[in-house]
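K.L.:
Just final-v8.cif, nothing more (mmCIF, C-alpha atoms):
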data_input
#
loop_
_atom_site.label_atom_id
_atom_site.label_comp_id
_atom_site.auth_asym_id
_atom_site.auth_seq_id
_atom_site.Cartn_x
_atom_site.Cartn_y
_atom_site.Cartn_z
CA MET N 1 67.69 185.71 25.88
CA ASN N 2 70.84 184.10 24.58
CA TYR N 3 72.19 184.02 28.11
CA PHE N 4 69.15 182.12 29.34
CA LEU N 5 69.63 179.53 26.60
CA LEU N 6 73.32 179.30 27.51
CA PHE N 7 72.29 178.74 31.13
CA ALA N 8 69.87 176.01 30.00
CA LEU N 9 72.65 174.39 27.93
CA PHE N 10 75.01 174.50 30.92
CA ILE N 11 72.36 172.89 33.15
CA ILE N 12 71.78 170.11 30.57
CA ILE N 13 75.51 169.35 30.24
CA PHE N 14 76.00 169.38 34.02
CA LEU N 15 73.04 167.05 34.59
CA SER N 16 74.21 164.65 31.87
CA TYR N 17 77.58 164.42 33.65
CA TYR N 18 75.70 163.94 36.93
CA ILE N 19 73.86 160.94 35.42
CA ILE N 20 77.20 159.33 34.54
CA PHE N 21 78.68 159.64 38.00
CA SER N 22 75.63 159.33 40.28
CA LYS N 23 75.03 156.16 42.27
CA ASN N 24 71.35 156.74 42.88
CA ILE N 25 69.07 155.80 40.00
CA PHE N 26 66.16 157.84 41.33
CA TYR N 27 68.11 161.10 41.15
CA SER N 28 69.43 160.10 37.70
CA ILE N 29 65.91 159.71 36.31
CA ILE N 30 64.75 162.97 37.89
CA SER N 31 67.77 164.75 36.38
CA LEU N 32 66.91 163.17 33.00
CA LEU N 33 63.43 164.67 33.32
CA ILE N 34 64.95 168.09 34.01
CA ILE N 35 67.21 167.64 30.93
CA VAL N 36 64.16 166.92 28.77
CA MET N 37 62.31 169.94 30.09
CA PHE N 38 65.26 172.27 29.52
CA MET N 39 65.61 170.89 25.98
CA SER N 40 61.97 171.67 25.33
CA ILE N 41 62.74 175.32 26.16
CA PHE N 42 64.90 175.43 23.03
CA TYR N 43 61.98 174.32 20.85
CA LEU N 44 59.67 176.88 22.40
CA LEU N 45 62.08 179.80 22.14
CA MET N 46 62.85 178.98 18.52
CA GLY N 47 59.20 179.25 17.64
CA SER N 48 57.97 175.67 17.37
CA PHE N 49 55.23 175.07 19.90
CA PHE N 50 54.32 171.73 18.27
CA LEU N 51 57.76 170.19 18.84
CA PHE N 52 57.80 171.62 22.37
CA VAL N 53 54.61 169.74 23.23
CA ILE N 54 55.74 166.55 21.44
CA ASN N 55 59.08 166.62 23.27
CA ILE N 56 57.35 166.91 26.63
CA PHE N 57 54.87 164.14 25.76
CA VAL N 58 57.32 161.60 24.35
CA TYR N 59 60.43 162.02 26.47
CA ALA N 60 58.86 163.06 29.77
CA GLY N 61 56.35 160.22 29.40
CA TRP N 62 59.14 157.72 28.83
CA THR N 63 61.08 159.12 31.75
CA MET N 64 58.11 158.47 33.99
CA ALA N 65 57.84 154.95 32.54
CA LEU N 66 61.53 154.40 33.37
CA LEU N 67 60.91 155.62 36.93
CA ILE N 68 58.04 153.17 37.35
CA PHE N 69 60.19 150.37 35.92
CA ALA N 70 63.00 151.26 38.35
CA ILE N 71 60.54 151.02 41.23
CA HIS N 72 59.17 147.78 39.78
CA THR N 73 62.57 146.10 39.64
CA ASP N 74 63.36 147.10 43.24
CA HIS N 75 66.36 149.20 42.37
CA LEU N 76 65.15 151.83 44.78
CA LYS N 77 65.07 149.54 47.81
CA LYS N 78 68.84 149.21 47.71
CA VAL N 79 69.24 152.88 48.50
CA LYS N 80 68.53 153.63 52.14
CA ASP N 81 68.96 157.37 52.46
CA ILE N 82 66.52 158.41 49.80
CA ARG N 83 64.00 161.13 50.55
CA VAL N 84 61.27 160.48 48.00
CA LYS N 85 58.62 162.82 49.41
CA GLU N 86 60.93 165.82 49.73
CA THR N 87 62.40 165.22 46.27
CA LEU N 88 58.98 164.93 44.63
CA PHE N 89 57.73 168.03 46.48
CA SER N 90 60.72 170.11 45.37
CA PHE N 91 60.40 168.71 41.85
CA PHE N 92 56.75 169.78 41.53
CA ILE N 93 57.57 173.25 42.88
CA THR N 94 60.34 173.48 40.26
CA LEU N 95 57.85 172.37 37.60
CA PHE N 96 55.43 175.11 38.63
CA VAL N 97 58.16 177.77 38.51
CA TYR N 98 59.30 176.36 35.14
CA PHE N 99 55.90 176.85 33.55
CA LEU N 100 55.62 180.33 35.09
CA ILE N 101 58.98 181.26 33.53
CA LEU N 102 57.92 179.77 30.20
CA ASN N 103 54.87 182.03 30.07
CA VAL N 104 57.19 185.02 30.27
CA LEU N 105 59.87 183.63 27.94
CA LYS N 106 57.70 182.63 25.00
CA LYS N 107 57.33 186.29 24.00
CA TYR N 108 61.05 186.52 23.22
CA LEU N 109 62.35 184.41 20.37
CA PHE N 110 65.91 183.34 19.58
CA PRO N 111 67.53 184.18 17.14
CA LYS N 112 65.89 187.56 16.50
CA LYS N 113 65.57 187.04 12.75
CA ILE N 114 63.94 183.67 13.14
CA ILE N 115 62.84 181.73 10.09
CA SER N 116 59.75 179.99 11.32
CA PHE N 117 57.55 177.67 9.31
CA LYS N 118 53.88 176.99 9.71
CA MET N 119 53.06 173.43 10.67
CA GLU N 120 50.75 173.11 7.66
CA PHE N 121 53.74 173.79 5.39
CA ILE N 122 55.88 171.20 7.22
CA PHE N 123 53.17 168.55 7.08
CA GLU N 124 52.69 169.28 3.39
CA ILE N 125 56.40 168.59 2.76
CA LEU N 126 56.19 165.53 4.99
CA LEU N 127 53.33 164.10 2.94
CA LYS N 128 54.87 165.00 -0.43
CA ASP N 129 58.63 164.42 -0.16
CA TYR N 130 58.89 162.07 2.81
CA ILE N 131 55.90 159.82 2.22
CA THR N 132 58.06 156.67 2.01
CA PHE N 133 59.83 157.51 5.27
CA LEU N 134 56.48 158.24 6.87
CA MET N 135 55.01 154.93 5.71
CA LEU N 136 58.12 153.06 6.86
CA ILE N 137 57.99 154.63 10.31
CA THR N 138 54.25 153.98 10.55
CA LEU N 139 54.94 150.33 9.69
CA ILE N 140 57.72 150.11 12.30
CA LEU N 141 55.44 151.81 14.84
CA SER N 142 52.61 149.34 14.28
CA VAL N 143 55.04 146.39 14.41
CA GLY N 144 56.53 147.82 17.60
CA ILE N 145 53.15 148.23 19.27
CA ILE N 146 52.04 144.69 18.31
CA GLY N 147 55.42 143.25 19.36
CA THR N 148 55.28 145.04 22.69
CA PHE N 149 51.85 143.63 23.44
CA ILE N 150 52.93 140.12 22.42
CA ILE N 151 56.10 140.26 24.53
CA ILE N 152 54.26 141.47 27.62
CA LYS N 153 51.43 138.97 27.12
CA ARG N 154 53.81 135.99 26.88
CA ARG N 155 55.21 136.93 30.26
CA MET I 1 77.06 182.38 19.82
CA ILE I 2 75.56 179.73 17.55
CA ASP I 3 78.82 177.73 17.61
CA VAL I 4 78.55 177.43 21.39
CA PHE I 5 75.13 175.83 21.00
CA TYR I 6 76.43 173.42 18.37
CA PHE I 7 79.36 172.46 20.57
CA GLY I 8 77.11 172.05 23.62
CA ILE I 9 74.63 169.83 21.79
CA ILE I 10 77.42 167.61 20.44
CA LEU I 11 78.80 167.40 23.99
CA ILE I 12 75.38 166.28 25.25
CA PHE I 13 75.30 163.58 22.55
CA LEU I 14 78.75 162.36 23.62
CA ASN I 15 77.57 162.34 27.23
CA GLY I 16 74.67 160.11 26.20
CA VAL I 17 77.11 157.71 24.54
CA LEU I 18 79.30 157.82 27.67
CA ILE I 19 76.30 156.95 29.86
CA MET I 20 75.66 153.93 27.63
CA ILE I 21 79.29 152.80 27.80
CA LEU I 22 80.18 153.50 31.42
CA ARG I 23 76.92 152.35 33.03
CA ARG I 24 76.27 149.39 30.74
CA ARG I 25 75.61 146.94 33.57
CA ASN I 26 72.31 148.58 34.42
CA PRO I 27 69.79 148.47 31.54
CA ILE I 28 67.93 151.55 32.80
CA TYR I 29 71.06 153.65 32.36
CA PHE I 30 71.39 152.25 28.84
CA LEU I 31 67.88 153.53 28.07
CA ILE I 32 68.71 156.89 29.67
CA GLY I 33 71.79 157.21 27.45
CA ILE I 34 69.81 156.44 24.32
CA MET I 35 67.17 158.97 25.32
CA VAL I 36 69.74 161.72 25.93
CA SER I 37 71.58 161.08 22.65
CA LEU I 38 68.41 160.88 20.52
CA SER I 39 66.96 164.06 22.00
CA SER I 40 70.24 165.90 21.42
CA ILE I 41 70.30 164.75 17.77
CA SER I 42 66.75 165.96 17.18
CA LEU I 43 67.62 169.29 18.82
CA LEU I 44 70.63 169.58 16.51
CA PHE I 45 68.48 168.94 13.42
CA PHE I 46 65.96 171.48 14.61
CA LEU I 47 68.56 174.16 15.37
CA THR I 48 70.20 173.66 11.98
CA SER I 49 66.89 173.87 10.15
CA ARG I 50 66.00 177.09 11.90
CA ILE I 51 69.38 178.68 11.21
CA LEU I 52 69.55 177.67 7.55
CA GLY I 53 65.85 178.28 6.89
CA ASN I 54 65.31 174.76 5.63
CA PRO I 55 62.20 172.93 6.91
CA HIS I 56 63.56 169.45 6.17
CA GLY I 57 65.56 169.36 9.41
CA GLU I 58 62.40 169.91 11.40
CA ILE I 59 60.80 166.95 9.62
CA TYR I 60 63.77 164.78 10.54
CA ALA I 61 63.35 165.92 14.16
CA ILE I 62 59.71 164.75 14.10
CA LEU I 63 60.77 161.40 12.58
CA ILE I 64 63.45 160.96 15.27
CA PHE I 65 60.82 161.59 17.96
CA SER I 66 58.66 158.79 16.59
CA VAL I 67 61.63 156.41 16.25
CA ALA I 68 62.63 157.17 19.86
CA GLY I 69 59.11 156.42 21.05
CA ILE I 70 59.02 153.07 19.23
CA PHE I 71 62.47 152.08 20.43
CA MET I 72 61.78 152.93 24.05
CA ALA I 73 58.48 151.01 24.02
CA PHE I 74 60.06 147.91 22.56
CA THR I 75 63.11 147.96 24.82
CA LEU I 76 61.05 148.57 27.93
CA SER I 77 58.79 145.65 27.09
CA ILE I 78 61.83 143.38 26.69
CA LEU I 79 63.18 144.61 30.03
CA ILE I 80 59.85 143.96 31.74
CA LYS I 81 59.85 140.44 30.32
CA ARG I 82 63.37 139.73 31.56
CA SER I 83 62.79 141.13 35.05
#
Written as structure tokens, how would this file's structure read?
P.N.:
Amino acid sequence: MNYFLLFALFIIIFLSYYIIFSKNIFYSIISLLIIVMFMSIFYLLMGSFFLFVINIFVYAGWTMALLIFAIHTDHLKKVKDIRVKETLFSFFITLFVYFLILNVLKKYLFPKKIISFKMEFIFEILLKDYITFLMLITLILSVGIIGTFIIIKRR
Amino acid sequence: MIDVFYFGIILIFLNGVLIMILRRRNPIYFLIGIMVSLSSISLLFFLTSRILGNPHGEIYAILIFSVAGIFMAFTLSILIKRS
């Protein structure tokens, strides 16, 4: 199991270097999505299904938003030799295989003597010890949502 | 074995910073760099909390997720306005 996580780490490092040196923004965003999905494997194999789901929701969602923004700002039209259909087809096949592998892998945890916490325990600490941080982040979140709407509406 | 993971995650964070510095002309790459670095930091917190048996690192990982979501929303809205 450690070797699979090492392989995932190697893939993430390789793809992050690929983002630096690639000229095509479409492939960069797709490689970012693969980075996020390989990072979520770490959360799953270390016994936190909640953070696995949150990671997929937040980062993969924002990656898709970035892709739509890249299409919106016509960055993709500058690249002539892009094969969007083939890339998307291969990406969805990879996604399918990824979830098939995950169903097998989630039985084996890393490290073997894992210290896992129940989410009720974590939320209890969050509400007791970190209530000021939580309120601050909630405030920033609400300000961010309102500011986002105002900025887009003024456009 | 654990040290390799620590080293790899720090390398990913540095790669995120490098993306922000080297591709700074394109704002999408700037966002990509921030996303990579923030996700690597949250992974580092999570890994440390699991190894040490301390749940506080996991809480910080959750807080970083929410901060990343807010930041990306706000920055993307500014980018949409400028485009």
K.L.:
For the atom pair atom CA of I:Ile28 and atom CA of I:Leu63, what is the interatomic distance in Å to one decimal place?
P.N.:
23.6 Å
K.L.:
Give as a VMD selection string the residues that the PyMOL selection byres ((chain I) within 6 of (chain N)) matches when applied to the coordinates above.
P.N.:
chain I and resid 12 19 50 53 70 74 77 81
K.L.:
Just the number, please: distance in Å from atom CA of N:Phe91 to atom CA of I:Phe65, one decimal.
P.N.:
24.9 Å
K.L.:
Can you pull out every residue within 7 Å of stretch 31-43 of chain I, counting only C-alpha atoms, but drop anything in the same chain fewer than 2 positions away, and send it as a tab-separated table (two decimals) with C-alpha atoms, keeping the file's coordinate frame?
P.N.:
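Done, and the output landed in around-v1.tsv:
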chain	number	residue	atom	x	y	z
I	9	ILE	CA	74.63	169.83	21.79
I	12	ILE	CA	75.38	166.28	25.25
I	13	PHE	CA	75.30	163.58	22.55
I	16	GLY	CA	74.67	160.11	26.20
I	17	VAL	CA	77.11	157.71	24.54
I	19	ILE	CA	76.30	156.95	29.86
I	20	MET	CA	75.66	153.93	27.63
I	27	PRO	CA	69.79	148.47	31.54
I	28	ILE	CA	67.93	151.55	32.80
I	29	TYR	CA	71.06	153.65	32.36
I	45	PHE	CA	68.48	168.94	13.42
I	46	PHE	CA	65.96	171.48	14.61
I	47	LEU	CA	68.56	174.16	15.37
I	61	ALA	CA	63.35	165.92	14.16
I	64	ILE	CA	63.45	160.96	15.27
I	68	ALA	CA	62.63	157.17	19.86
